[in-house]
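K.L.:
I am sharing entry_3.cif, which consists of mmCIF, N, CA, C and O atoms:
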```cif
data_structure
loop_
_atom_site.label_atom_id
_atom_site.label_comp_id
_atom_site.auth_asym_id
_atom_site.auth_seq_id
_atom_site.Cartn_x
_atom_site.Cartn_y
_atom_site.Cartn_z
N ALA A 1 79.44 56.31 182.01
CA ALA A 1 78.18 55.62 181.75
C ALA A 1 77.04 56.46 182.28
O ALA A 1 77.15 57.10 183.31
N THR A 2 75.93 56.43 181.56
CA THR A 2 74.74 57.16 181.96
C THR A 2 73.60 56.17 182.18
O THR A 2 73.35 55.32 181.34
N ALA A 3 72.92 56.27 183.32
CA ALA A 3 71.82 55.36 183.63
C ALA A 3 70.50 56.01 183.26
O ALA A 3 70.34 57.21 183.35
N GLY A 4 69.55 55.20 182.86
CA GLY A 4 68.22 55.68 182.54
C GLY A 4 67.27 54.52 182.43
O GLY A 4 67.66 53.37 182.59
N PRO A 5 66.00 54.80 182.13
CA PRO A 5 65.01 53.72 182.07
C PRO A 5 65.25 52.76 180.91
O PRO A 5 64.69 51.67 180.91
N THR A 6 66.06 53.15 179.95
CA THR A 6 66.36 52.25 178.83
C THR A 6 67.70 51.55 178.99
O THR A 6 68.15 50.86 178.09
N GLY A 7 68.37 51.71 180.13
CA GLY A 7 69.63 51.01 180.38
C GLY A 7 70.79 51.95 180.58
O GLY A 7 70.63 53.16 180.66
N ASN A 8 71.97 51.37 180.65
CA ASN A 8 73.22 52.11 180.84
C ASN A 8 74.05 51.98 179.57
O ASN A 8 74.11 50.91 178.97
N TYR A 9 74.72 53.07 179.20
CA TYR A 9 75.52 53.09 177.97
C TYR A 9 76.87 53.71 178.23
O TYR A 9 76.99 54.61 179.05
N THR A 10 77.87 53.22 177.50
CA THR A 10 79.23 53.70 177.67
C THR A 10 79.83 54.01 176.30
O THR A 10 79.62 53.26 175.34
N VAL A 11 80.57 55.11 176.23
CA VAL A 11 81.37 55.43 175.04
C VAL A 11 82.83 55.37 175.46
O VAL A 11 83.22 55.99 176.44
N ARG A 12 83.61 54.61 174.73
CA ARG A 12 85.04 54.47 175.03
C ARG A 12 85.86 54.97 173.85
O ARG A 12 85.65 54.56 172.72
N PHE A 13 86.81 55.85 174.15
CA PHE A 13 87.74 56.36 173.16
C PHE A 13 89.10 55.74 173.45
O PHE A 13 89.55 55.74 174.59
N ASP A 14 89.77 55.21 172.42
CA ASP A 14 91.06 54.56 172.60
C ASP A 14 92.22 55.54 172.63
O ASP A 14 93.29 55.23 173.13
N ALA A 15 92.03 56.73 172.10
CA ALA A 15 93.12 57.71 172.02
C ALA A 15 93.36 58.36 173.38
O ALA A 15 92.43 58.78 174.05
N ASP A 16 94.61 58.42 173.79
CA ASP A 16 94.97 59.13 175.01
C ASP A 16 95.05 60.64 174.77
O ASP A 16 94.90 61.42 175.69
N GLU A 17 95.32 61.00 173.52
CA GLU A 17 95.41 62.41 173.12
C GLU A 17 94.63 62.59 171.83
O GLU A 17 94.41 61.64 171.09
N VAL A 18 94.26 63.81 171.55
CA VAL A 18 93.58 64.11 170.29
C VAL A 18 94.61 64.02 169.16
O VAL A 18 95.65 64.67 169.22
N PRO A 19 94.35 63.20 168.14
CA PRO A 19 95.28 63.09 167.02
C PRO A 19 95.43 64.42 166.28
O PRO A 19 94.58 65.30 166.39
N GLU A 20 96.47 64.54 165.50
CA GLU A 20 96.76 65.77 164.77
C GLU A 20 95.60 66.18 163.86
O GLU A 20 95.29 67.36 163.72
N ASP A 21 94.94 65.18 163.23
CA ASP A 21 93.82 65.51 162.34
C ASP A 21 92.53 65.80 163.11
O ASP A 21 91.53 66.20 162.52
N GLY A 22 92.55 65.61 164.41
CA GLY A 22 91.40 65.94 165.26
C GLY A 22 90.31 64.90 165.29
O GLY A 22 89.32 65.06 166.01
N LEU A 23 90.43 63.81 164.53
CA LEU A 23 89.40 62.77 164.48
C LEU A 23 89.47 61.88 165.72
O LEU A 23 90.51 61.28 166.00
N LEU A 24 88.39 61.83 166.46
CA LEU A 24 88.28 60.92 167.60
C LEU A 24 87.21 59.90 167.27
O LEU A 24 86.10 60.25 166.85
N THR A 25 87.53 58.62 167.45
CA THR A 25 86.57 57.55 167.20
C THR A 25 86.34 56.81 168.50
O THR A 25 87.28 56.41 169.18
N GLY A 26 85.08 56.63 168.83
CA GLY A 26 84.73 55.92 170.05
C GLY A 26 83.75 54.80 169.76
O GLY A 26 83.05 54.80 168.75
N MET A 27 83.73 53.84 170.66
CA MET A 27 82.81 52.71 170.56
C MET A 27 81.71 52.89 171.59
O MET A 27 82.00 53.15 172.76
N LEU A 28 80.48 52.74 171.15
CA LEU A 28 79.31 52.87 172.02
C LEU A 28 78.77 51.48 172.29
O LEU A 28 78.62 50.68 171.36
N ALA A 29 78.49 51.19 173.56
CA ALA A 29 77.94 49.88 173.93
C ALA A 29 77.01 50.04 175.13
O ALA A 29 77.14 50.98 175.90
N ASP A 30 76.10 49.10 175.23
CA ASP A 30 75.23 49.10 176.41
C ASP A 30 75.89 48.32 177.53
O ASP A 30 76.76 47.49 177.29
N ASP A 31 75.48 48.63 178.74
CA ASP A 31 75.97 47.92 179.93
C ASP A 31 74.84 47.13 180.55
O ASP A 31 74.79 46.91 181.76
N GLY A 32 73.90 46.70 179.72
CA GLY A 32 72.73 45.96 180.19
C GLY A 32 71.49 46.79 179.97
O GLY A 32 71.54 47.91 179.47
N GLY A 33 70.36 46.25 180.31
CA GLY A 33 69.10 46.96 180.13
C GLY A 33 68.29 46.37 179.00
O GLY A 33 68.69 45.39 178.37
N PRO A 34 67.17 46.97 178.69
CA PRO A 34 66.26 46.38 177.71
C PRO A 34 66.66 46.56 176.24
O PRO A 34 66.11 45.91 175.37
N ILE A 35 67.62 47.45 175.96
CA ILE A 35 68.04 47.68 174.58
C ILE A 35 69.50 47.31 174.40
O ILE A 35 70.37 47.80 175.11
N GLU A 36 69.76 46.44 173.45
CA GLU A 36 71.13 46.08 173.08
C GLU A 36 71.63 47.13 172.10
O GLU A 36 70.99 47.41 171.10
N VAL A 37 72.77 47.74 172.43
CA VAL A 37 73.34 48.82 171.61
C VAL A 37 74.81 48.52 171.34
O VAL A 37 75.56 48.18 172.26
N ALA A 38 75.20 48.64 170.09
CA ALA A 38 76.61 48.51 169.72
C ALA A 38 76.84 49.41 168.53
O ALA A 38 76.14 49.30 167.51
N GLY A 39 77.80 50.34 168.65
CA GLY A 39 78.02 51.25 167.54
C GLY A 39 79.29 52.04 167.66
O GLY A 39 80.16 51.74 168.48
N ARG A 40 79.37 53.06 166.83
CA ARG A 40 80.58 53.86 166.70
C ARG A 40 80.20 55.33 166.61
O ARG A 40 79.21 55.68 165.98
N ILE A 41 81.02 56.17 167.23
CA ILE A 41 80.83 57.61 167.13
C ILE A 41 82.14 58.23 166.69
O ILE A 41 83.21 57.82 167.12
N GLU A 42 82.04 59.19 165.77
CA GLU A 42 83.21 59.92 165.30
C GLU A 42 83.01 61.40 165.59
O GLU A 42 81.95 61.96 165.30
N LEU A 43 84.02 62.02 166.16
CA LEU A 43 84.03 63.44 166.45
C LEU A 43 85.13 64.08 165.61
O LEU A 43 86.27 63.61 165.63
N THR A 44 84.77 65.12 164.85
CA THR A 44 85.74 65.78 163.99
C THR A 44 85.65 67.29 164.18
O THR A 44 84.59 67.81 164.52
N PRO A 45 86.77 67.99 163.97
CA PRO A 45 86.76 69.44 164.12
C PRO A 45 85.87 70.07 163.05
O PRO A 45 85.74 69.51 161.97
N PRO A 46 85.29 71.24 163.31
CA PRO A 46 85.44 71.96 164.56
C PRO A 46 84.52 71.41 165.66
O PRO A 46 84.88 71.41 166.82
N ALA A 47 83.33 70.96 165.34
CA ALA A 47 82.42 70.43 166.36
C ALA A 47 81.39 69.50 165.71
O ALA A 47 80.19 69.61 165.93
N ASN A 48 81.87 68.57 164.89
CA ASN A 48 81.00 67.67 164.16
C ASN A 48 80.96 66.30 164.84
O ASN A 48 81.93 65.88 165.46
N TYR A 49 79.84 65.62 164.67
CA TYR A 49 79.71 64.27 165.20
C TYR A 49 78.95 63.41 164.21
O TYR A 49 78.14 63.88 163.42
N ALA A 50 79.23 62.11 164.24
CA ALA A 50 78.51 61.13 163.44
C ALA A 50 78.39 59.86 164.29
O ALA A 50 79.40 59.34 164.77
N LEU A 51 77.18 59.39 164.46
CA LEU A 51 76.90 58.20 165.25
C LEU A 51 76.24 57.18 164.35
O LEU A 51 75.33 57.50 163.59
N ARG A 52 76.73 55.95 164.40
CA ARG A 52 76.12 54.84 163.67
C ARG A 52 76.09 53.66 164.62
O ARG A 52 77.14 53.23 165.11
N THR A 53 74.90 53.17 164.89
CA THR A 53 74.77 52.11 165.87
C THR A 53 73.66 51.14 165.50
O THR A 53 72.78 51.46 164.71
N GLY A 54 73.72 49.96 166.07
CA GLY A 54 72.67 48.97 165.92
C GLY A 54 71.88 48.90 167.22
O GLY A 54 72.46 48.95 168.31
N LEU A 55 70.56 48.81 167.11
CA LEU A 55 69.68 48.76 168.27
C LEU A 55 68.82 47.51 168.19
O LEU A 55 68.35 47.14 167.11
N LYS A 56 68.63 46.86 169.34
CA LYS A 56 67.79 45.67 169.37
C LYS A 56 67.18 45.53 170.76
O LYS A 56 67.90 45.64 171.77
N ALA A 57 65.87 45.32 170.80
CA ALA A 57 65.21 45.09 172.09
C ALA A 57 65.61 43.70 172.58
O ALA A 57 65.60 42.74 171.82
N ARG A 58 65.99 43.63 173.83
CA ARG A 58 66.32 42.34 174.44
C ARG A 58 65.04 41.58 174.78
O ARG A 58 63.97 42.18 174.95
N ALA A 59 65.17 40.28 174.89
CA ALA A 59 64.04 39.45 175.33
C ALA A 59 63.58 39.98 176.69
O ALA A 59 64.39 40.31 177.54
N GLY A 60 62.29 40.15 176.84
CA GLY A 60 61.75 40.66 178.09
C GLY A 60 61.68 42.16 178.17
O GLY A 60 61.23 42.71 179.17
N ALA A 61 62.12 42.86 177.11
CA ALA A 61 62.03 44.34 177.10
C ALA A 61 60.56 44.74 177.10
O ALA A 61 59.72 44.05 176.53
N PRO A 62 60.23 45.87 177.74
CA PRO A 62 58.84 46.34 177.71
C PRO A 62 58.36 46.51 176.27
O PRO A 62 59.12 46.92 175.39
N ALA A 63 57.10 46.21 176.04
CA ALA A 63 56.51 46.31 174.70
C ALA A 63 56.66 47.72 174.13
O ALA A 63 56.85 47.88 172.93
N GLU A 64 56.61 48.75 174.99
CA GLU A 64 56.74 50.12 174.52
C GLU A 64 58.09 50.36 173.86
O GLU A 64 58.20 51.10 172.88
N ILE A 65 59.12 49.75 174.42
CA ILE A 65 60.46 49.92 173.85
C ILE A 65 60.56 49.23 172.51
O ILE A 65 61.07 49.78 171.53
N ALA A 66 60.06 48.00 172.43
CA ALA A 66 60.09 47.28 171.15
C ALA A 66 59.33 48.04 170.08
O ALA A 66 59.79 48.14 168.93
N ARG A 67 58.18 48.61 170.42
CA ARG A 67 57.40 49.41 169.45
C ARG A 67 58.17 50.67 169.04
O ARG A 67 58.19 51.03 167.87
N ALA A 68 58.77 51.34 170.00
CA ALA A 68 59.51 52.58 169.70
C ALA A 68 60.68 52.30 168.75
O ALA A 68 60.98 53.12 167.88
N LEU A 69 61.34 51.17 168.90
CA LEU A 69 62.48 50.84 168.05
C LEU A 69 62.07 50.63 166.59
O LEU A 69 62.91 50.74 165.70
N GLN A 70 60.80 50.36 166.34
CA GLN A 70 60.35 50.20 164.96
C GLN A 70 60.59 51.47 164.15
O GLN A 70 60.78 51.41 162.94
N PHE A 71 60.61 52.63 164.81
CA PHE A 71 60.84 53.89 164.12
C PHE A 71 62.29 54.04 163.67
O PHE A 71 62.62 54.95 162.91
N ALA A 72 63.18 53.17 164.15
CA ALA A 72 64.59 53.24 163.76
C ALA A 72 64.82 52.56 162.41
O ALA A 72 65.93 52.59 161.90
N GLY A 73 63.80 51.95 161.84
CA GLY A 73 63.94 51.33 160.53
C GLY A 73 63.80 49.82 160.58
O GLY A 73 63.52 49.24 161.62
N PRO A 74 64.01 49.19 159.41
CA PRO A 74 63.85 47.74 159.32
C PRO A 74 64.97 46.99 160.05
O PRO A 74 66.04 47.55 160.28
N THR A 75 64.70 45.75 160.38
CA THR A 75 65.71 44.93 161.06
C THR A 75 66.63 44.26 160.04
O THR A 75 66.24 44.01 158.90
N ASP A 76 67.85 43.96 160.49
CA ASP A 76 68.77 43.18 159.66
C ASP A 76 68.56 41.70 159.99
O ASP A 76 67.64 41.34 160.72
N ALA A 77 69.44 40.85 159.49
CA ALA A 77 69.30 39.40 159.69
C ALA A 77 69.39 39.00 161.16
O ALA A 77 68.85 37.97 161.57
N ASP A 78 70.06 39.83 161.99
CA ASP A 78 70.20 39.53 163.42
C ASP A 78 69.13 40.21 164.26
O ASP A 78 69.18 40.15 165.49
N GLY A 79 68.19 40.91 163.62
CA GLY A 79 67.14 41.58 164.36
C GLY A 79 67.50 42.97 164.86
O GLY A 79 66.75 43.58 165.60
N ARG A 80 68.65 43.48 164.43
CA ARG A 80 69.07 44.83 164.84
C ARG A 80 68.54 45.87 163.85
O ARG A 80 68.36 45.59 162.67
N ARG A 81 68.35 47.06 164.36
CA ARG A 81 67.93 48.18 163.53
C ARG A 81 69.06 49.20 163.52
O ARG A 81 69.56 49.58 164.56
N GLU A 82 69.47 49.61 162.32
CA GLU A 82 70.54 50.58 162.22
C GLU A 82 70.00 51.98 162.51
O GLU A 82 68.94 52.37 162.01
N PHE A 83 70.74 52.71 163.32
CA PHE A 83 70.38 54.08 163.67
C PHE A 83 71.59 54.96 163.43
O PHE A 83 72.68 54.66 163.89
N SER A 84 71.41 56.04 162.68
CA SER A 84 72.50 56.97 162.38
C SER A 84 72.04 58.39 162.72
O SER A 84 70.88 58.72 162.52
N LEU A 85 72.99 59.16 163.18
CA LEU A 85 72.73 60.57 163.51
C LEU A 85 74.02 61.33 163.29
O LEU A 85 75.09 60.89 163.71
N ALA A 86 73.93 62.47 162.61
CA ALA A 86 75.12 63.29 162.38
C ALA A 86 74.74 64.75 162.45
O ALA A 86 73.59 65.12 162.23
N GLY A 87 75.71 65.57 162.79
CA GLY A 87 75.46 66.99 162.86
C GLY A 87 76.66 67.73 163.40
O GLY A 87 77.76 67.21 163.43
N SER A 88 76.42 68.95 163.84
CA SER A 88 77.48 69.74 164.46
C SER A 88 76.89 70.56 165.58
O SER A 88 75.69 70.85 165.60
N LEU A 89 77.74 70.90 166.52
CA LEU A 89 77.31 71.68 167.68
C LEU A 89 77.62 73.14 167.49
O LEU A 89 78.48 73.53 166.80
#
```
Have the structure of the file written as structure tokens, please.
P.N.:
Amino acid sequence: ATAGPTGNYTVRFDADEVPEDGLLTGMLADDGGPIEVAGRIELTPPANYALRTGLKARAGAPAEIARALQFAGPTDADGRREFSLAGSL
């Protein structure tokens, strides 16, 4: 978990070993803080990543955070904003 002004976040991988195809899938979640985060990250060989997560400002979150989340796109029916990021290292 990493702490910061926007909260704490954890990525959990269920695999004890890297599968033969090299695909690792992890679940991303917040551990509290002003932003509710729930999503998934996939790591694939040779050094690719894809992150897809939902973001939502919690009640009482600083106004700056709520405004910044508007850049993540429109809200869904639950008030979450989908955020995706992919690339390679």
K.L.:
Residues within 5 Å of segment 34-40 of chain A, please, as a PyMOL selection string. Count all atoms listed in the file; anything in the same chain fewer than 3 positions from it doesn't count.
P.N.:
chain A and resi 6+26-30+50-58+61
K.L.:
How many Å separate atom N of Ser88 of chain A from atom N of Glu42 of chain A?
P.N.:
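Computing it gives 11.4 Å between the two atoms.
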K.L.:
What do you get, as a count of residues only, if you spell out every residue that the PyMOL selection byres (((chain A and resi 89 and name CA) around 8) and name CA) selects here?
P.N.:
4
K.L.:
Between atom O of Glu82 of chain A and atom O of Asp21 of chain A, what is the distance in Å, rounded to a tenth?
P.N.:
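Separation of atom O of Glu82 of chain A and atom O of Asp21 of chain A: 26.5 Å.
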K.L.:
In Å, rounded to a single decimal, give me how far atom O of Gly33 of chain A is from atom C of Ala59 of chain A.
P.N.:
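These two atoms are separated by 7.6 Å.
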K.L.:
What's around Phe13 of chain A at 8 Å? Count only C-alpha atoms, leave out sequence neighbours fewer than 2 positions away in its own chain, and write the answer as a VMD selection string.
P.N.:
chain A and resid 11 15 to 16 24 to 27
